[in-house]
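> Quick one: the structure is below, and I'll ask about it shortly.
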Amino acid sequence: MAAEALPGSTTPLFSIILLLLLFPVLGHGTAELEQYPLVVSTWPFVEAVRAAWKAVDGGSSAVDSVVEGCSACEELRCDGTVGPGGSPDENGETTMDALVMDGVTMEVGAVAAMRYVKDGIKAARLVMQHTEHTLLVGEKASEFAISMGLPGPTNLSSSESMEKWAKWKDNSCQPNFRKNILPTNSCGPYYPANYLEIPDETCSTNVQMSGLHRVGLHSHDTISMAVIDRRGHIAVGTSTNGATFKIPGRVGDGPIAGSSAYAVDEVGACCATGDGDIMMRFLPCYQVVESMRLGMEPKLAAKDAIARIARKFPDFLGAVVALNKKGEHAGACHGWTFKYSVRSPAMKDVEVFTVLP
């Protein structure tokens, strides 16, 4: 005689069906746990990535975590090109550019050519949180940041930046970012070469440029970071003190959404670094994210964005990192060997990836 089921017990068949129904749900949750959170950053700025990871792994939002990461880089003065004390302009002054973007709301806050305030990324977040604007610039950006509680005014120069500037002055302010000016090989004042009435014998090919200034690893470098938090939301942030010996007032791609960084919550994100004066003309990070929206994998999207710039400016230096919503990432570069940093749940610590041109 067959054994009767005890009152309140379930049959083996019912148990199996219940497990089959629950398995996809449980499996999906496990996949998400392994996939997020995720931090990606330009360059081997390992400590900055660790700071962002600590925040996001502890439950912070993507926006707050990217601010933590970029703030750490500012405090550490990564490569001398992020935070105070680096990249003096023609007058020897250091200024700050920064951006933060929320991929959920598409809100952006940014500051550019900001003087006297060392916390660039925090100032950018204040612009996003407490104004209807996207970008504040110059001394007025400084006044806003201080009025909202950031410390200042502070001298952003350092003994190292002033020494670098003094040597540049002693070298007749060469190289610099000016072109088609007179006098060449001098510290100015400068005049447009084609507007001066000068004898023909003084005209030569030397009039055209005052010195080509190649953007390199330690002359201009941006931390551009993307974070996906535990809920799958994406944010990006950037911080830089700009190009060394830039013309005062110059703003690069660092605080420009779509150029140095871009994020769309349902698609992914992009981080960029390099010659911002050229790259901002192409909005490479906007291009990367939109290419991924159309189905391109990160590697192809990154290569395509870089190739578009290289076709017009074959000598430019730059790189991008693409990150999709699946957590897949890839970089592309031109003119230099590029490295970027990643921290994911599958990694014991930050890992650095190398990308060849």
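Identifiers in this document derive from the order of the structure tokens: chains are assigned A, B, ..., residues are numbered from 1 separately in each chain, and ligands are numbered from 1 in order of occurrence.
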Select from range 235-257 of chain A every residue with an atom at most 7 Å from any atom of range 91-110 of chain A, then for each give the shortest pair of atoms and their distance in Å to one decimal, using only C-alpha atoms, rows by chain and rising number, as JSON lines.

```
{"residue": "A:Ala235", "atom": "CA", "partner": "A:Asp102", "partner_atom": "CA", "distance": 4.7}
{"residue": "A:Val236", "atom": "CA", "partner": "A:Met101", "partner_atom": "CA", "distance": 5.3}
{"residue": "A:Gly237", "atom": "CA", "partner": "A:Val100", "partner_atom": "CA", "distance": 4.2}
{"residue": "A:Thr238", "atom": "CA", "partner": "A:Leu99", "partner_atom": "CA", "distance": 5.1}
{"residue": "A:Ser239", "atom": "CA", "partner": "A:Ala98", "partner_atom": "CA", "distance": 4.3}
{"residue": "A:Thr240", "atom": "CA", "partner": "A:Asp97", "partner_atom": "CA", "distance": 5.4}
{"residue": "A:Asn241", "atom": "CA", "partner": "A:Met96", "partner_atom": "CA", "distance": 4.6}
{"residue": "A:Gly242", "atom": "CA", "partner": "A:Asp97", "partner_atom": "CA", "distance": 7.0}
{"residue": "A:Gly254", "atom": "CA", "partner": "A:Ala98", "partner_atom": "CA", "distance": 5.9}
{"residue": "A:Pro255", "atom": "CA", "partner": "A:Leu99", "partner_atom": "CA", "distance": 4.8}
```
> Which residues, written as a PyMOL selection string, have at least one atom at most 9 Å from Asn155 in chain A, with only C-alpha atoms counted and residues fewer than 6 positions away on the same chain left out?
chain A and resi 84-85+93-94+115-118
> Save the residues we just selected, N, CA and C atoms, as a tab-separated table (two decimals), in the first residue's frame?

```tsv
chain	number	residue	atom	x	y	z
A	84	PRO	N	44.70	70.98	-6.16
A	84	PRO	CA	45.52	72.18	-6.06
A	84	PRO	C	47.01	71.86	-6.20
A	85	GLY	N	47.80	72.91	-6.45
A	85	GLY	CA	49.24	72.76	-6.43
A	85	GLY	C	49.87	72.26	-7.71
A	93	GLU	N	49.22	80.77	-11.91
A	93	GLU	CA	48.08	80.43	-11.04
A	93	GLU	C	47.51	79.06	-11.39
A	94	THR	N	47.07	78.34	-10.36
A	94	THR	CA	46.38	77.06	-10.54
A	94	THR	C	44.88	77.28	-10.35
A	115	ARG	N	38.85	79.70	-9.13
A	115	ARG	CA	40.00	80.15	-8.35
A	115	ARG	C	39.72	80.01	-6.85
A	116	TYR	N	40.79	79.82	-6.08
A	116	TYR	CA	40.76	79.95	-4.61
A	116	TYR	C	39.98	78.87	-3.86
A	117	VAL	N	39.43	77.87	-4.54
A	117	VAL	CA	38.70	76.79	-3.88
A	117	VAL	C	39.28	75.47	-4.36
A	118	LYS	N	39.76	74.64	-3.43
A	118	LYS	CA	40.47	73.42	-3.80
A	118	LYS	C	39.55	72.24	-4.08
```
> According to DSSP computed on the backbone, where in range 147-312 of chain A is there alpha helix (DSSP H)? Give the residues as a PyMOL selection string.
chain A and resi 147+159-170+276-279+284-293+298-312
> Tell me which protein, DNA and RNA residues are within 9 Å of Ala72 in chain A, counting only C-alpha atoms, leaving out same-chain ones fewer than 3 positions away, and put them as a list in words.
Glu47, Ala48, Val49, Ala51, Ala52, Val67, Glu68, Gly69, Glu75, Leu76, Arg77 and Cys78 of chain A
> Could you list, with a cut-off of 12 Å and counting only C-alpha atoms, the residues of range 216-288 of chain A near range 345-356 of chain A, each shown with its nearest atom pair and the distance in Å rounded to one decimal, rows sorted by chain and ascending number, as JSON lines?

```
{"residue": "A:Ile228", "atom": "CA", "partner": "A:Pro345", "partner_atom": "CA", "distance": 11.6}
{"residue": "A:Asp229", "atom": "CA", "partner": "A:Pro345", "partner_atom": "CA", "distance": 11.4}
{"residue": "A:Arg230", "atom": "CA", "partner": "A:Pro345", "partner_atom": "CA", "distance": 10.6}
```
> Please write the residues from the selection above to a file, keeping N, CA and C atoms, as an mmCIF file, in the first residue's frame.

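Now in again28.cif:
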```
data_model
loop_
_atom_site.group_PDB
_atom_site.id
_atom_site.type_symbol
_atom_site.label_atom_id
_atom_site.label_comp_id
_atom_site.auth_asym_id
_atom_site.auth_seq_id
_atom_site.Cartn_x
_atom_site.Cartn_y
_atom_site.Cartn_z
ATOM 1 N N ILE A 228 28.773 52.640 -10.923
ATOM 2 C CA ILE A 228 27.445 52.037 -10.909
ATOM 3 C C ILE A 228 27.205 51.544 -9.485
ATOM 4 N N ASP A 229 26.133 52.017 -8.859
ATOM 5 C CA ASP A 229 25.893 51.654 -7.461
ATOM 6 C C ASP A 229 25.116 50.336 -7.368
ATOM 7 N N ARG A 230 24.800 49.939 -6.139
ATOM 8 C CA ARG A 230 24.156 48.639 -5.910
ATOM 9 C C ARG A 230 22.783 48.538 -6.564
#
```
> From the set A:Cys333, A:Ala145, A:Ala305, A:Met280, which residue has the shortest atom-to-atom contact distance to Leu317 in chain A, counting only C-alpha atoms?
A:Cys333
> What residues in range 102-160 of chain A get the DSSP label strand (DSSP E)? Please answer as a tab-separated table (two decimals) with C-alpha atoms, in the first residue's frame.

```
chain	number	residue	atom	x	y	z
A	102	ASP	CA	23.70	61.88	-12.62
A	108	VAL	CA	24.90	68.07	-14.37
A	109	GLY	CA	26.88	70.38	-12.12
A	110	ALA	CA	30.22	71.82	-13.17
A	111	VAL	CA	32.77	74.51	-12.39
A	112	ALA	CA	35.48	75.88	-14.67
A	113	ALA	CA	38.54	78.08	-14.18
A	114	MET	CA	37.55	78.22	-10.50
A	135	LEU	CA	28.17	75.39	-15.21
A	136	LEU	CA	29.63	78.22	-13.13
A	137	VAL	CA	32.99	79.76	-14.03
```
